[in-house]
Amino acid sequence: MPLLCRPYSQIPQPLKQTRGEGDLETGRLGEIGFGIRYLLKHRSLLAILGFLLVTSFIDSFNFAILPAMVLARSNNDPTVWGRLLTIFGIGGVLGAATMSIWNLPKRRTNGLLLGNAVWKGGLILLSVTQSMVGKLIAAVVSGFCSPFPNSSNQGIWMSQVKPEIQGRVFAARDLIAGMATPLGAAIAGVLVDNYFEPAMQTNSILAQLFGGIFGSESGAGMAVAIALFSSCGMAIALLGYAFPVLRNLEPTVSDRP
């Protein structure tokens, strides 16, 4: 048999259990319901899910206004945004290659928490700096770190959930975590247009606190919003080490509960 035809027959196919894992449930709702109940029974997975909800909300908020912020602070020059996207993509390729070559991170919890923290730090730098060099540095740092949280997160879930029920559990996970994405995007424009942007162009408390850093021109309010939300995201990621259920996830939880 030609080599190209053989890999498909070598992929292991776990046997479907018929008792004890909710397999008697039928229909998509029943299977998602099983996944939700499974998550509720495992504190470690619930902790990661809560972390994913918060970070998804923050990332959705940031990226809903990031293009507008970059354009507003660069005289509406689309080439600036194009360069940042290019550098971000290059950074992401380098980060993925680093993970593949050196098998990093050694502990996936570090990849999830520290990767998220550094990623948010890059967004803070991008919102603060006005120089093109600073923006490019922020883009390459954020891009380089972007594969670490997602890959580490998926690796943790795959090691903690039995292969024969991963589809149902992951579907429930994605359904719940995905709820934060439209919410973050929905409130981003409302908050920026009605509070952050007007506040930074007046003598408000917000302008007095951050005007010296972000200025008062168009886009300053969006920059402040991204910096504040990213700072919260960084703090939450680092505070994750204070909770044993996250910090000791891999050493203390069996590979597949």
# chains A, B, ... in the order shown; residues from 1 in each chain; ligands from 1

$ closest_atom_pairs --of "range 47-140 of chain A" --to "range 216-224 of chain A" --cutoff "7 Å" --atoms "only C-alpha atoms" --output "Markdown table"
| residue | atom | partner | partner_atom | distance |
| --- | --- | --- | --- | --- |
| A:Ile65 | CA | A:Met222 | CA | 6.8 |
| A:Met69 | CA | A:Gly219 | CA | 5.1 |
| A:Ala72 | CA | A:Gly219 | CA | 5.0 |
| A:Arg73 | CA | A:Gly219 | CA | 5.6 |
| A:Ser127 | CA | A:Ala223 | CA | 4.8 |
| A:Val128 | CA | A:Ala223 | CA | 6.9 |

$ write_last_selection --atoms "C-alpha atoms" --output "PDB file, in the first residue's frame"
ATOM      1  CA  ILE A  65     -11.598  48.350  18.726  1.00  0.00           C
ATOM      2  CA  MET A  69      -7.452  52.637  17.573  1.00  0.00           C
ATOM      3  CA  ALA A  72      -7.079  56.837  14.621  1.00  0.00           C
ATOM      4  CA  ARG A  73      -3.587  57.216  16.094  1.00  0.00           C
ATOM      5  CA  SER A 127      -1.829  51.009  23.117  1.00  0.00           C
ATOM      6  CA  VAL A 128       0.747  53.185  24.884  1.00  0.00           C
TER       7      VAL A 128
END

$ residues_around --residues "Asn150 in chain A" --least-positions-apart "2" --cutoff "10 Å" --atoms "only C-alpha atoms" --output "list in words"
Leu52, Gly111, Leu112, Gly115, Asn116, Cys145, Ser146, Pro147, Phe148, Ser152, Asn153, Gln154, Gly155 and Ile156 of chain A

$ residues_around --residues "range 85-89 of chain A" --least-positions-apart "4" --cutoff "8 Å" --atoms "only C-alpha atoms" --output "compact mmCIF listing (two decimals) with C-alpha atoms, in the first residue's frame"
# COMPACT_ATOMS: atom_id res chain seq x y z
CA TRP A 81 -2.42 48.46 10.36
CA VAL A 93 4.80 31.66 12.94
CA LEU A 136 6.10 46.74 15.61
CA ALA A 139 3.04 43.28 17.44
CA VAL A 140 5.89 40.76 17.23
CA VAL A 141 5.79 40.10 21.00
CA SER A 142 2.02 39.55 20.98
CA GLY A 143 2.21 37.47 17.82
CA PHE A 144 5.03 35.30 19.16

$ closest_residue --among "A:Ala237, A:Ala225, A:Val161, A:Leu71" --to "Ile187 in chain A" --atoms "only C-alpha atoms"
A:Ala225

$ closest_residue --among "A:Gly167, A:Pro244, A:Gly233, A:Gly33" --to "Val118 in chain A" --atoms "only C-alpha atoms"
A:Gly233

$ atom_distance --atom1 "CA of Leu209 in chain A" --atom2 "CA of Ser56 in chain A"
27.5 Å

$ atom_distance --atom1 "CA of Arg168 in chain A" --atom2 "CA of Ile36 in chain A"
8.6 Å

$ closest_residue --among "A:Ala185, A:Val190, A:Leu206, A:Val169" --to "Leu228 in chain A" --atoms "only C-alpha atoms"
A:Leu206

$ residues_around --residues "Met132 in chain A" --least-positions-apart "6" --cutoff "10 Å" --atoms "only C-alpha atoms" --output "list of chain:residue names"
A:Ser74, A:Val80, A:Arg83, A:Leu84, A:Leu126, A:Ala138

$ write_last_selection --atoms "N, CA and C atoms" --output "PDB file, in the first residue's frame"
ATOM      1  N   SER A  74      -2.817  56.923  13.807  1.00  0.00           N
ATOM      2  CA  SER A  74      -1.816  56.961  12.733  1.00  0.00           C
ATOM      3  C   SER A  74      -2.342  57.730  11.525  1.00  0.00           C
ATOM      4  N   VAL A  80      -0.191  51.250   8.159  1.00  0.00           N
ATOM      5  CA  VAL A  80       0.278  50.985   9.520  1.00  0.00           C
ATOM      6  C   VAL A  80      -0.390  49.728  10.066  1.00  0.00           C
ATOM      7  N   ARG A  83       0.990  46.700   8.259  1.00  0.00           N
ATOM      8  CA  ARG A  83       2.310  46.288   8.750  1.00  0.00           C
ATOM      9  C   ARG A  83       2.205  45.552  10.083  1.00  0.00           C
ATOM     10  N   LEU A  84       1.343  46.071  10.958  1.00  0.00           N
ATOM     11  CA  LEU A  84       1.188  45.424  12.256  1.00  0.00           C
ATOM     12  C   LEU A  84       0.638  44.008  12.106  1.00  0.00           C
ATOM     13  N   LEU A 126       1.298  48.232  22.775  1.00  0.00           N
ATOM     14  CA  LEU A 126       0.753  48.736  21.516  1.00  0.00           C
ATOM     15  C   LEU A 126      -0.178  49.922  21.746  1.00  0.00           C
ATOM     16  N   ALA A 138       5.655  45.637  19.784  1.00  0.00           N
ATOM     17  CA  ALA A 138       4.468  45.120  20.469  1.00  0.00           C
ATOM     18  C   ALA A 138       3.780  44.044  19.635  1.00  0.00           C
TER      19      ALA A 138
END

$ closest_residue --among "A:Ser231, A:Ile124, A:Met99, A:Gly30" --to "Phe214 in chain A" --atoms "only C-alpha atoms"
A:Ile124

$ closest_residue --among "A:Leu191, A:Ala177, A:Ile32, A:Leu114" --to "Ile236 in chain A" --atoms "only C-alpha atoms"
A:Leu114

$ residues_around --residues "range 38-47 of chain A" --least-positions-apart "4" --cutoff "10 Å" --atoms "only C-alpha atoms" --output "count of residues only"
30

$ atom_distance --atom1 "CA of Ala171 in chain A" --atom2 "CA of Lys106 in chain A"
26.9 Å
